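K.L.:
Pasting a structure here, questions to come.
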Amino acid sequence: MGKIRVGVIGVGNCFAGLAQGIEIYKRKEIQKLGLMHEKIGGYSTDDLEFVSAFDVGENKVGKPLNEAIFQDPNYVNWVDSASNCTSRTVKESPILDGVGVYVASMINPIKQTKTEKELEKEAIEEIETTRTRVLINYLPVGSQKAVEFWANIALKTGCAFINCMPVFIASTEGWLKKFKNAGLPIVGDDVKGVIGATITHRTLAKLCVDRGAVIDRTYQINVGGNTDFANMLERERLESKKISKTEAVQSLIPANQRLDDKDIYIGPSDFIPFLGNTKLAFIRIEGRMFANVPFNMEIRLDVDDKANSAGVAIDAIRCAQLALDKGVSGNLTFASAYLMKHPFIQMGDEEAREKLDNWISELEQ
Ligand SMILES: NC(=O)c1ccc[n+]([C@@H]2O[C@H](COP(=O)([O-])OP(=O)(O)OC[C@H]3O[C@@H](n4cnc5c(N)ncnc54)[C@H](O)[C@@H]3O)[C@@H](O)[C@H]2O)c1
């Protein structure tokens, strides 16, 4: 069994958390603490190698990946090196719609002189040279064109594709067919957190539903201090993120009790620079229980959002490699349902976890 050869699109905070988190496991500072699966398909955290990378930040492009992950505006600083990252340099990606107005001065994108076609040719060469097999997408919210560019590169280079952000690819029938026809697995869209706002909100909503209560109103307000949150100040870029997060909760509420738009608000709400990668989520549920008697609850979650995404992405990558090993293609239904906020098929988290574990065991036979 070989290593998992991963290429990364967007060398930002989420990726820095994934690479540095894996390094912490490698140094045996902790054992399996914080992992949902110690092994998937025989692969442990040590088996991931980041062999190619693409970005547009002028201080990242042209730097070895193992240095680029420490460049501004990346704030993850858990260890001082990541041996799972190649010393090959980060290659230039087409900017397209990747850089929003509020983050341009933080990212400082390169002055782009090459055409999209030239960059496509270079990307394909890099992926082939490095024998990349799994591409993981961490582009900013609102990068529709850039994400489509990279989904097409995955198809052209025979890579599995993991879409960690809310441009709808793995939840769109047309794209799923393309991956199925190409014999390639896909997982997405929009990665959940280990103990994120979405999974916490879903769990509480399910508790209410399971106990026969009716939810009348609910909100989930998220604030943070990194480029992800700065980017989301641009409301036009936010549409699909709101759909993804809102539907993740609505999908657990029985169809006849589905909340009106005016009774549910879920979305990032502000950028507070000094929070860095700390995300604060404020969740409120108002409802009625036995004898129509009202109740409400409020939760405040305070969490490192990058540990949150990395602890889930690490399973998505290993599921994708297991599927490649076994010739499974198209939507990885149960991996997407358990690990992503906006899968093609939504399921309750308990059901999705059980089905995912059965799917893994069957393929491991
Ligand atoms: N818990 C979480 O953090 C979480 C959960 C779900 C989804 N996400 C999503 O994951 C994505 C990544 O989050 P992040 O915190 O790493 O963001 P980030 O802003 O730190 O990183 C984005 C990276 O993409 C690069 N980039 C911008 N345009 C590009 C282009 N055209 N081509 C290649 N690279 C480009 C930027 O230079 C930057 O390095 C975001 O869309 C975020 O919403 C994060």
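Naming works like this for the structure tokens: A, B, ... for the chains as they're shown, residue 1 at the start of each chain, ligands 1 onward in shown order.
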Quick one: residues within 7 Å of ligand 1, with only C-alpha atoms and all ligand atoms, as a CSV table (one decimal) with C-alpha atoms, in the first residue's frame?

P.N.:
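result-v7.csv was written with the following content:
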chain,number,residue,atom,x,y,z
A,9,ILE,CA,-5.8,24.2,-4.3
A,10,GLY,CA,-5.6,27.2,-2.0
A,11,VAL,CA,-2.7,27.1,0.5
A,12,GLY,CA,-4.7,29.0,3.1
A,13,ASN,CA,-5.5,28.5,6.8
A,14,CYS,CA,-7.5,25.3,6.4
A,15,PHE,CA,-4.7,23.6,4.6
A,54,PHE,CA,-1.6,25.9,-6.3
A,55,ASP,CA,-2.3,29.4,-5.1
A,56,VAL,CA,-2.3,33.1,-6.2
A,57,GLY,CA,-0.8,34.9,-3.2
A,73,PRO,CA,-2.4,35.7,6.0
A,74,ASN,CA,-2.1,32.1,7.4
A,93,SER,CA,-3.4,29.2,-10.4
A,94,PRO,CA,-5.7,31.4,-12.5
A,95,ILE,CA,-7.2,34.1,-10.2
A,96,LEU,CA,-10.5,34.3,-12.0
A,97,ASP,CA,-13.1,35.1,-9.3
A,98,GLY,CA,-10.9,33.8,-6.4
A,99,VAL,CA,-10.0,37.0,-4.7
A,107,ILE,CA,-3.7,38.0,0.0
A,109,PRO,CA,-2.4,38.3,-5.5
A,138,TYR,CA,-9.9,25.1,-0.4
A,139,LEU,CA,-10.7,28.2,-2.5
A,140,PRO,CA,-12.5,31.2,-1.0
A,141,VAL,CA,-16.3,31.4,-0.8
A,146,ALA,CA,-12.0,29.1,-10.2
A,164,CYS,CA,-14.3,21.6,1.0
A,165,MET,CA,-16.1,24.9,0.2
A,166,PRO,CA,-19.6,25.9,-0.8
A,190,ASP,CA,-18.5,22.4,2.1
A,191,VAL,CA,-16.7,20.5,4.8
A,192,LYS,CA,-18.3,20.2,8.3
A,193,GLY,CA,-16.3,20.9,11.4
A,226,ASN,CA,-9.3,35.3,9.3
A,227,THR,CA,-9.5,35.9,5.5
A,228,ASP,CA,-12.4,33.4,5.2
A,305,ASP,CA,-12.1,26.7,13.0
A,306,LYS,CA,-9.0,25.2,11.2
A,308,ASN,CA,-12.4,21.9,13.0
A,309,SER,CA,-12.1,21.5,9.2

K.L.:
Let's see if you can do this: from backbone DSSP, list all alpha helix (DSSP H) residues in region 273-346 of chain A, as JSON, numbers by chain.

P.N.:
{"A": [305, 306, 307, 308, 309, 310, 311, 312, 313, 314, 315, 316, 317, 318, 319, 320, 321, 322, 323, 324, 325, 326, 333, 334, 335, 336, 337, 338, 339]}

K.L.:
Excluding Thr200 (chain A) and its own-chain neighbours fewer than 2 positions away, which residues fall within 12 Å of it when counting only C-alpha atoms? Please give them as a ChimeraX atom specification.

P.N.:
/A:192-198,202-207,220,245,248-249,281-285,298-303,349

K.L.:
Tell me, in Å to one decimal, how far CA of His342 (chain A) is from CA of Ser244 (chain A).

P.N.:
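CA of His342 (chain A) sits 5.2 Å away from CA of Ser244 (chain A).
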
K.L.:
Fewer than 2 positions away in the same chain doesn't count, so skip those; otherwise give me all residues within 10 Å of region 174-179 of chain A, counting only C-alpha atoms, as a PyMOL selection string.

P.N.:
chain A and resi 148+151-152+154-155+158-161+168-172+181-187+329-332+344

K.L.:
Would you export the selected residues with N, CA and C atoms as a compact mmCIF listing (two decimals), in the first residue's frame, please?

P.N.:
# COMPACT_ATOMS: atom_id res chain seq x y z
N GLU A 148 -14.73 25.70 -10.74
CA GLU A 148 -15.06 24.91 -11.94
C GLU A 148 -13.79 24.61 -12.74
N ALA A 151 -12.20 21.72 -10.90
CA ALA A 151 -12.94 20.46 -11.02
C ALA A 151 -12.66 19.85 -12.40
N ASN A 152 -12.56 20.72 -13.42
CA ASN A 152 -12.22 20.22 -14.76
C ASN A 152 -10.80 19.68 -14.83
N ALA A 154 -9.28 18.20 -12.39
CA ALA A 154 -9.35 16.87 -11.76
C ALA A 154 -9.81 15.84 -12.80
N LEU A 155 -10.84 16.22 -13.58
CA LEU A 155 -11.35 15.29 -14.60
C LEU A 155 -10.29 15.00 -15.65
N GLY A 158 -7.35 12.77 -14.05
CA GLY A 158 -7.67 11.49 -13.38
C GLY A 158 -7.49 11.55 -11.88
N CYS A 159 -7.81 12.70 -11.28
CA CYS A 159 -7.71 12.84 -9.82
C CYS A 159 -9.08 12.74 -9.17
N ALA A 160 -9.12 12.17 -7.96
CA ALA A 160 -10.32 12.29 -7.13
C ALA A 160 -10.42 13.76 -6.70
N PHE A 161 -11.65 14.23 -6.43
CA PHE A 161 -11.83 15.65 -6.10
C PHE A 161 -12.59 15.76 -4.78
N PHE A 168 -21.23 24.69 -5.47
CA PHE A 168 -21.88 23.38 -5.56
C PHE A 168 -21.39 22.57 -6.76
N ILE A 169 -20.58 21.57 -6.47
CA ILE A 169 -20.04 20.67 -7.50
C ILE A 169 -20.51 19.25 -7.17
N ALA A 170 -20.14 18.76 -6.00
CA ALA A 170 -20.50 17.38 -5.62
C ALA A 170 -21.97 17.25 -5.25
N SER A 171 -22.68 18.36 -5.18
CA SER A 171 -24.12 18.29 -4.91
C SER A 171 -24.91 18.67 -6.16
N THR A 172 -24.25 18.60 -7.31
CA THR A 172 -24.89 18.95 -8.58
C THR A 172 -24.86 17.74 -9.50
N ASN A 181 -18.60 9.26 -15.03
CA ASN A 181 -18.18 8.83 -16.36
C ASN A 181 -16.67 8.75 -16.50
N ALA A 182 -15.98 9.60 -15.73
CA ALA A 182 -14.50 9.58 -15.80
C ALA A 182 -13.92 8.50 -14.89
N GLY A 183 -14.79 7.81 -14.14
CA GLY A 183 -14.31 6.75 -13.24
C GLY A 183 -13.61 7.31 -12.02
N LEU A 184 -14.02 8.52 -11.59
CA LEU A 184 -13.31 9.18 -10.48
C LEU A 184 -14.26 9.48 -9.32
N PRO A 185 -13.79 9.32 -8.09
CA PRO A 185 -14.63 9.66 -6.93
C PRO A 185 -14.63 11.15 -6.62
N ILE A 186 -15.72 11.59 -6.02
CA ILE A 186 -15.85 12.99 -5.62
C ILE A 186 -16.55 13.06 -4.27
N VAL A 187 -16.09 13.97 -3.40
CA VAL A 187 -16.70 14.18 -2.07
C VAL A 187 -16.95 15.68 -1.91
N SER A 329 -16.41 5.00 -8.20
CA SER A 329 -16.41 6.35 -8.79
C SER A 329 -17.73 7.08 -8.54
N GLY A 330 -17.75 8.37 -8.91
CA GLY A 330 -18.94 9.20 -8.72
C GLY A 330 -19.02 9.70 -7.29
N ASN A 331 -20.22 10.10 -6.90
CA ASN A 331 -20.43 10.66 -5.55
C ASN A 331 -20.16 9.59 -4.48
N LEU A 332 -19.30 9.90 -3.53
CA LEU A 332 -19.16 9.00 -2.37
C LEU A 332 -20.26 9.42 -1.39
N PHE A 344 -25.02 15.76 -1.96
CA PHE A 344 -26.11 15.54 -2.93
C PHE A 344 -27.31 14.93 -2.21

K.L.:
Which distance in Å separates CA of Asn277 (chain A) and CA of Tyr75 (chain A), to one decimal?

P.N.:
6.9 Å

K.L.:
Using only C-alpha atoms, which residues sit within 10 Å of region 316-319 of chain A once same-chain residues fewer than 2 positions away are excluded, as an mmCIF file with N, CA and C atoms, in the first residue's frame?

P.N.:
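Listing of result.cif after writing:
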data_model
loop_
_atom_site.group_PDB
_atom_site.id
_atom_site.type_symbol
_atom_site.label_atom_id
_atom_site.label_comp_id
_atom_site.auth_asym_id
_atom_site.auth_seq_id
_atom_site.Cartn_x
_atom_site.Cartn_y
_atom_site.Cartn_z
ATOM 1 N N ILE A 4 -0.791 8.433 0.116
ATOM 2 C CA ILE A 4 -1.843 9.162 -0.597
ATOM 3 C C ILE A 4 -1.220 10.459 -1.117
ATOM 4 N N ARG A 5 -1.197 10.611 -2.429
ATOM 5 C CA ARG A 5 -0.514 11.757 -3.033
ATOM 6 C C ARG A 5 -1.539 12.858 -3.330
ATOM 7 N N VAL A 6 -1.510 13.882 -2.492
ATOM 8 C CA VAL A 6 -2.558 14.907 -2.507
ATOM 9 C C VAL A 6 -2.030 16.211 -3.104
ATOM 10 N N HIS A 37 -11.591 8.576 12.671
ATOM 11 C CA HIS A 37 -11.162 7.242 12.246
ATOM 12 C C HIS A 37 -9.641 7.191 12.338
ATOM 13 N N LYS A 39 -7.798 4.728 11.171
ATOM 14 C CA LYS A 39 -7.386 4.300 9.825
ATOM 15 C C LYS A 39 -8.610 4.219 8.925
ATOM 16 N N ILE A 40 -8.411 4.532 7.657
ATOM 17 C CA ILE A 40 -9.461 4.298 6.649
ATOM 18 C C ILE A 40 -8.767 3.621 5.471
ATOM 19 N N GLY A 41 -9.268 2.462 5.084
ATOM 20 C CA GLY A 41 -8.648 1.737 3.961
ATOM 21 C C GLY A 41 -7.204 1.380 4.259
ATOM 22 N N GLY A 42 -6.879 1.259 5.537
ATOM 23 C CA GLY A 42 -5.503 0.942 5.923
ATOM 24 C C GLY A 42 -4.626 2.184 6.038
ATOM 25 N N TYR A 43 -5.138 3.339 5.657
ATOM 26 C CA TYR A 43 -4.323 4.556 5.678
ATOM 27 C C TYR A 43 -4.438 5.277 7.022
ATOM 28 N N SER A 44 -3.292 5.574 7.621
ATOM 29 C CA SER A 44 -3.286 6.374 8.845
ATOM 30 C C SER A 44 -2.934 7.820 8.463
ATOM 31 N N THR A 45 -2.911 8.694 9.458
ATOM 32 C CA THR A 45 -2.618 10.113 9.163
ATOM 33 C C THR A 45 -1.216 10.261 8.554
ATOM 34 N N ASP A 47 0.074 8.629 6.314
ATOM 35 C CA ASP A 47 0.147 8.208 4.909
ATOM 36 C C ASP A 47 -0.232 9.303 3.916
ATOM 37 N N LEU A 48 -0.519 10.505 4.415
ATOM 38 C CA LEU A 48 -0.855 11.597 3.500
ATOM 39 C C LEU A 48 0.409 12.382 3.152
ATOM 40 N N VAL A 134 -5.212 12.814 -5.600
ATOM 41 C CA VAL A 134 -6.394 13.408 -4.958
ATOM 42 C C VAL A 134 -6.194 14.920 -4.931
ATOM 43 N N LEU A 135 -7.180 15.672 -5.438
ATOM 44 C CA LEU A 135 -7.101 17.143 -5.368
ATOM 45 C C LEU A 135 -8.082 17.625 -4.306
ATOM 46 N N ILE A 136 -7.605 18.463 -3.400
ATOM 47 C CA ILE A 136 -8.498 19.005 -2.366
ATOM 48 C C ILE A 136 -8.634 20.504 -2.583
ATOM 49 N N ALA A 160 -9.120 12.174 -7.960
ATOM 50 C CA ALA A 160 -10.321 12.292 -7.129
ATOM 51 C C ALA A 160 -10.421 13.758 -6.704
ATOM 52 N N PHE A 161 -11.652 14.229 -6.435
ATOM 53 C CA PHE A 161 -11.835 15.651 -6.098
ATOM 54 C C PHE A 161 -12.589 15.763 -4.780
ATOM 55 N N ILE A 162 -12.036 16.581 -3.881
ATOM 56 C CA ILE A 162 -12.714 16.849 -2.609
ATOM 57 C C ILE A 162 -12.985 18.335 -2.543
ATOM 58 N N ASN A 163 -14.240 18.697 -2.450
ATOM 59 C CA ASN A 163 -14.601 20.114 -2.440
ATOM 60 C C ASN A 163 -15.007 20.545 -1.037
ATOM 61 N N CYS A 164 -14.086 21.252 -0.379
ATOM 62 C CA CYS A 164 -14.303 21.636 1.027
ATOM 63 C C CYS A 164 -15.093 22.920 1.173
ATOM 64 N N PRO A 185 -13.788 9.318 -8.088
ATOM 65 C CA PRO A 185 -14.626 9.657 -6.933
ATOM 66 C C PRO A 185 -14.628 11.146 -6.622
ATOM 67 N N ILE A 186 -15.717 11.589 -6.019
ATOM 68 C CA ILE A 186 -15.847 12.995 -5.619
ATOM 69 C C ILE A 186 -16.551 13.064 -4.268
ATOM 70 N N VAL A 187 -16.094 13.968 -3.403
ATOM 71 C CA VAL A 187 -16.696 14.175 -2.074
ATOM 72 C C VAL A 187 -16.947 15.675 -1.907
ATOM 73 N N GLY A 188 -18.143 16.061 -1.456
ATOM 74 C CA GLY A 188 -18.428 17.478 -1.224
ATOM 75 C C GLY A 188 -19.887 17.685 -0.925
ATOM 76 N N VAL A 191 -17.042 21.446 3.715
ATOM 77 C CA VAL A 191 -16.693 20.526 4.797
ATOM 78 C C VAL A 191 -17.333 20.941 6.138
ATOM 79 N N ALA A 310 -9.860 20.552 9.455
ATOM 80 C CA ALA A 310 -8.815 19.571 9.153
ATOM 81 C C ALA A 310 -9.186 18.175 9.650
ATOM 82 N N GLY A 311 -9.829 18.118 10.823
ATOM 83 C CA GLY A 311 -10.185 16.819 11.412
ATOM 84 C C GLY A 311 -11.230 16.074 10.599
ATOM 85 N N VAL A 312 -11.914 16.786 9.715
ATOM 86 C CA VAL A 312 -12.900 16.144 8.849
ATOM 87 C C VAL A 312 -12.296 15.892 7.460
ATOM 88 N N ALA A 313 -11.531 16.868 6.976
ATOM 89 C CA ALA A 313 -10.908 16.718 5.647
ATOM 90 C C ALA A 313 -10.002 15.490 5.605
ATOM 91 N N ILE A 314 -9.366 15.199 6.722
ATOM 92 C CA ILE A 314 -8.437 14.060 6.730
ATOM 93 C C ILE A 314 -9.170 12.741 6.468
ATOM 94 N N GLN A 321 -9.173 8.127 -1.456
ATOM 95 C CA GLN A 321 -8.106 7.211 -1.883
ATOM 96 C C GLN A 321 -8.586 5.758 -1.835
ATOM 97 N N LEU A 322 -9.367 5.429 -0.804
ATOM 98 C CA LEU A 322 -9.916 4.068 -0.719
ATOM 99 C C LEU A 322 -10.782 3.785 -1.953
ATOM 100 N N ALA A 323 -11.600 4.773 -2.340
ATOM 101 C CA ALA A 323 -12.447 4.600 -3.528
ATOM 102 C C ALA A 323 -11.584 4.419 -4.781
ATOM 103 N N LEU A 324 -10.516 5.218 -4.898
ATOM 104 C CA LEU A 324 -9.615 5.063 -6.052
ATOM 105 C C LEU A 324 -9.018 3.658 -6.071
ATOM 106 N N ASP A 325 -8.579 3.191 -4.912
ATOM 107 C CA ASP A 325 -7.957 1.858 -4.822
ATOM 108 C C ASP A 325 -8.923 0.771 -5.278
ATOM 109 N N LEU A 332 -19.305 9.902 -3.527
ATOM 110 C CA LEU A 332 -19.159 9.000 -2.372
ATOM 111 C C LEU A 332 -20.257 9.417 -1.390
ATOM 112 N N PHE A 334 -22.014 8.381 1.205
ATOM 113 C CA PHE A 334 -22.019 8.385 2.667
ATOM 114 C C PHE A 334 -20.907 9.277 3.220
ATOM 115 N N ALA A 335 -19.775 9.309 2.533
ATOM 116 C CA ALA A 335 -18.696 10.217 2.958
ATOM 117 C C ALA A 335 -19.185 11.656 2.823
ATOM 118 N N SER A 336 -19.840 11.967 1.712
ATOM 119 C CA SER A 336 -20.344 13.335 1.518
ATOM 120 C C SER A 336 -21.395 13.677 2.576
ATOM 121 N N TYR A 338 -21.788 12.450 5.607
ATOM 122 C CA TYR A 338 -21.281 12.568 6.979
ATOM 123 C C TYR A 338 -20.289 13.713 7.144
ATOM 124 N N LEU A 339 -19.512 13.970 6.098
ATOM 125 C CA LEU A 339 -18.384 14.894 6.248
ATOM 126 C C LEU A 339 -18.661 16.295 5.710
ATOM 127 N N MET A 340 -19.724 16.442 4.923
ATOM 128 C CA MET A 340 -19.958 17.715 4.229
ATOM 129 C C MET A 340 -21.322 18.320 4.588
ATOM 130 N N LEU A 356 -21.463 5.155 6.493
ATOM 131 C CA LEU A 356 -20.074 5.393 6.073
ATOM 132 C C LEU A 356 -19.173 4.288 6.620
ATOM 133 N N TRP A 359 -19.692 1.150 4.706
ATOM 134 C CA TRP A 359 -19.104 1.285 3.349
ATOM 135 C C TRP A 359 -17.591 1.088 3.423
ATOM 136 N N ILE A 360 -16.966 1.700 4.421
ATOM 137 C CA ILE A 360 -15.504 1.554 4.574
ATOM 138 C C ILE A 360 -15.163 0.082 4.829
#

K.L.:
Residues of region 113-230 of chain A that have any atom at most 10 Å from an atom of region 256-269 of chain A: could you tabulate them with the shortest-distance atom pair and the distance in Å to one decimal, using only C-alpha atoms, ordered by chain and increasing number, as a Markdown table?

P.N.:
| residue | atom | partner | partner_atom | distance |
| --- | --- | --- | --- | --- |
| A:Ala197 | CA | A:Ile266 | CA | 9.9 |
| A:Thr198 | CA | A:Ile266 | CA | 9.3 |
| A:His201 | CA | A:Ile266 | CA | 10.0 |
| A:Val209 | CA | A:Gln257 | CA | 9.8 |
| A:Val214 | CA | A:Gln257 | CA | 7.4 |
| A:Ile215 | CA | A:Gln257 | CA | 7.8 |
| A:Asp216 | CA | A:Asp263 | CA | 7.0 |
| A:Arg217 | CA | A:Asp263 | CA | 4.7 |
| A:Thr218 | CA | A:Ile264 | CA | 5.0 |
| A:Tyr219 | CA | A:Tyr265 | CA | 4.6 |
| A:Gln220 | CA | A:Ile266 | CA | 4.7 |
| A:Ile221 | CA | A:Gly267 | CA | 5.8 |
| A:Asn222 | CA | A:Pro268 | CA | 4.5 |
| A:Val223 | CA | A:Ser269 | CA | 5.8 |
| A:Gly224 | CA | A:Pro268 | CA | 8.3 |
| A:Asp228 | CA | A:Pro268 | CA | 9.8 |
| A:Phe229 | CA | A:Pro268 | CA | 7.2 |

K.L.:
How about saving the chosen residues, N, CA and C atoms kept, as a PDB file, in the first residue's frame?

P.N.:
ATOM      1  N   ALA A 197     -20.141  24.681  14.124  1.00  0.00           N
ATOM      2  CA  ALA A 197     -21.456  25.271  14.369  1.00  0.00           C
ATOM      3  C   ALA A 197     -22.552  24.437  13.716  1.00  0.00           C
ATOM      4  N   THR A 198     -22.279  23.935  12.511  1.00  0.00           N
ATOM      5  CA  THR A 198     -23.301  23.177  11.787  1.00  0.00           C
ATOM      6  C   THR A 198     -23.654  21.880  12.519  1.00  0.00           C
ATOM      7  N   HIS A 201     -25.480  22.631  15.741  1.00  0.00           N
ATOM      8  CA  HIS A 201     -26.847  23.101  15.480  1.00  0.00           C
ATOM      9  C   HIS A 201     -27.730  21.927  15.017  1.00  0.00           C
ATOM     10  N   VAL A 209     -36.482  17.617  17.563  1.00  0.00           N
ATOM     11  CA  VAL A 209     -37.400  16.847  16.714  1.00  0.00           C
ATOM     12  C   VAL A 209     -37.663  15.467  17.337  1.00  0.00           C
ATOM     13  N   VAL A 214     -41.524  21.230  18.648  1.00  0.00           N
ATOM     14  CA  VAL A 214     -41.595  21.958  17.374  1.00  0.00           C
ATOM     15  C   VAL A 214     -40.636  23.146  17.468  1.00  0.00           C
ATOM     16  N   ILE A 215     -39.805  23.303  16.447  1.00  0.00           N
ATOM     17  CA  ILE A 215     -38.917  24.478  16.418  1.00  0.00           C
ATOM     18  C   ILE A 215     -39.666  25.608  15.710  1.00  0.00           C
ATOM     19  N   ASP A 216     -39.778  26.747  16.374  1.00  0.00           N
ATOM     20  CA  ASP A 216     -40.479  27.888  15.773  1.00  0.00           C
ATOM     21  C   ASP A 216     -39.517  28.835  15.065  1.00  0.00           C
ATOM     22  N   ARG A 217     -38.367  29.047  15.671  1.00  0.00           N
ATOM     23  CA  ARG A 217     -37.393  30.002  15.126  1.00  0.00           C
ATOM     24  C   ARG A 217     -36.001  29.555  15.537  1.00  0.00           C
ATOM     25  N   THR A 218     -35.023  29.852  14.677  1.00  0.00           N
ATOM     26  CA  THR A 218     -33.655  29.544  15.082  1.00  0.00           C
ATOM     27  C   THR A 218     -32.664  30.440  14.355  1.00  0.00           C
ATOM     28  N   TYR A 219     -31.576  30.739  15.029  1.00  0.00           N
ATOM     29  CA  TYR A 219     -30.478  31.430  14.322  1.00  0.00           C
ATOM     30  C   TYR A 219     -29.143  30.836  14.694  1.00  0.00           C
ATOM     31  N   GLN A 220     -28.177  31.100  13.816  1.00  0.00           N
ATOM     32  CA  GLN A 220     -26.783  30.715  14.063  1.00  0.00           C
ATOM     33  C   GLN A 220     -25.918  31.831  13.487  1.00  0.00           C
ATOM     34  N   ILE A 221     -25.298  32.572  14.383  1.00  0.00           N
ATOM     35  CA  ILE A 221     -24.460  33.701  13.962  1.00  0.00           C
ATOM     36  C   ILE A 221     -23.008  33.292  14.173  1.00  0.00           C
ATOM     37  N   ASN A 222     -22.200  33.474  13.160  1.00  0.00           N
ATOM     38  CA  ASN A 222     -20.791  33.087  13.264  1.00  0.00           C
ATOM     39  C   ASN A 222     -19.910  34.300  13.049  1.00  0.00           C
ATOM     40  N   VAL A 223     -18.897  34.467  13.885  1.00  0.00           N
ATOM     41  CA  VAL A 223     -17.908  35.529  13.656  1.00  0.00           C
ATOM     42  C   VAL A 223     -16.514  34.935  13.765  1.00  0.00           C
ATOM     43  N   GLY A 224     -15.588  35.550  13.036  1.00  0.00           N
ATOM     44  CA  GLY A 224     -14.204  35.082  13.069  1.00  0.00           C
ATOM     45  C   GLY A 224     -13.279  36.167  12.564  1.00  0.00           C
ATOM     46  N   ASP A 228     -11.115  34.047   5.564  1.00  0.00           N
ATOM     47  CA  ASP A 228     -12.397  33.420   5.238  1.00  0.00           C
ATOM     48  C   ASP A 228     -13.545  34.342   5.672  1.00  0.00           C
ATOM     49  N   PHE A 229     -13.461  34.861   6.886  1.00  0.00           N
ATOM     50  CA  PHE A 229     -14.527  35.747   7.382  1.00  0.00           C
ATOM     51  C   PHE A 229     -14.469  37.125   6.720  1.00  0.00           C
TER      52      PHE A 229
END

K.L.:
Could you check the closest approach to Arg131 (chain A) for each of A:Glu239, A:Glu362, A:Glu49, A:Glu350 and tell me which residue wins, using only C-alpha atoms?

P.N.:
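Using only C-alpha atoms, Arg131 (chain A) sits closest to A:Glu49.
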
K.L.:
Between A:Lys180, A:Lys28, A:Arg237, A:Lys114, which residue has the minimum interatomic distance to Gln144 (chain A), considering only C-alpha atoms?

P.N.:
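Of A:Lys180, A:Lys28, A:Arg237, A:Lys114, the one nearest Gln144 (chain A), counting only C-alpha atoms, is A:Arg237.
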
K.L.:
Using the chain letters and numbers from this document, which residues of region 41-214 of chain A does DSSP assign to strand (DSSP E), as an MDAnalysis selection string?

P.N.:
chainID A and resid 48:55 91:92 134:137 160:163 185:187 214

K.L.:
Give the answer as one residue: which of A:Pro294, A:Phe50, A:Lys91, A:Ser105 has the shortest atom-to-atom distance to Asp72 (chain A), using only C-alpha atoms?

P.N.:
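When distances to Asp72 (chain A) are compared using only C-alpha atoms, the smallest one comes from A:Ser105.
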
K.L.:
Nearest residue to Leu35 (chain A) out of A:Tyr102, A:Ala337, A:Asn66, A:Ile22, using only C-alpha atoms?

P.N.:
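Among A:Tyr102, A:Ala337, A:Asn66, A:Ile22, it is A:Ile22 that comes nearest to Leu35 (chain A).
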
K.L.:
Go ahead and compute the interatomic distance for CA of Ala68 (chain A) and CA of Val90 (chain A), in Å to one decimal.

P.N.:
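Value for the CA of Ala68 (chain A)-CA of Val90 (chain A) distance: 7.4 Å.
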
K.L.:
Do you know which residues are at most 7 Å from Leu275 (chain A) counting only C-alpha atoms, after dropping those on the same chain fewer than 3 positions away, and could you put them as a list in words?

P.N.:
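Once the adjacent positions are removed, what remains is Gly224, Gly225, Ile272 and Thr278 of chain A.
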
K.L.:
Write a file of the just-selected residues containing N, CA and C atoms, as a compact mmCIF listing (two decimals), in the first residue's frame.

P.N.:
# COMPACT_ATOMS: atom_id res chain seq x y z
N GLY A 224 -15.59 35.55 13.04
CA GLY A 224 -14.20 35.08 13.07
C GLY A 224 -13.28 36.17 12.56
N GLY A 225 -11.98 35.88 12.58
CA GLY A 225 -11.03 36.96 12.28
C GLY A 225 -10.00 36.63 11.21
N ILE A 272 -14.05 39.95 12.85
CA ILE A 272 -13.46 40.64 14.00
C ILE A 272 -11.97 40.28 14.00
N THR A 278 -10.00 31.80 15.52
CA THR A 278 -11.06 31.44 16.47
C THR A 278 -12.40 31.80 15.86
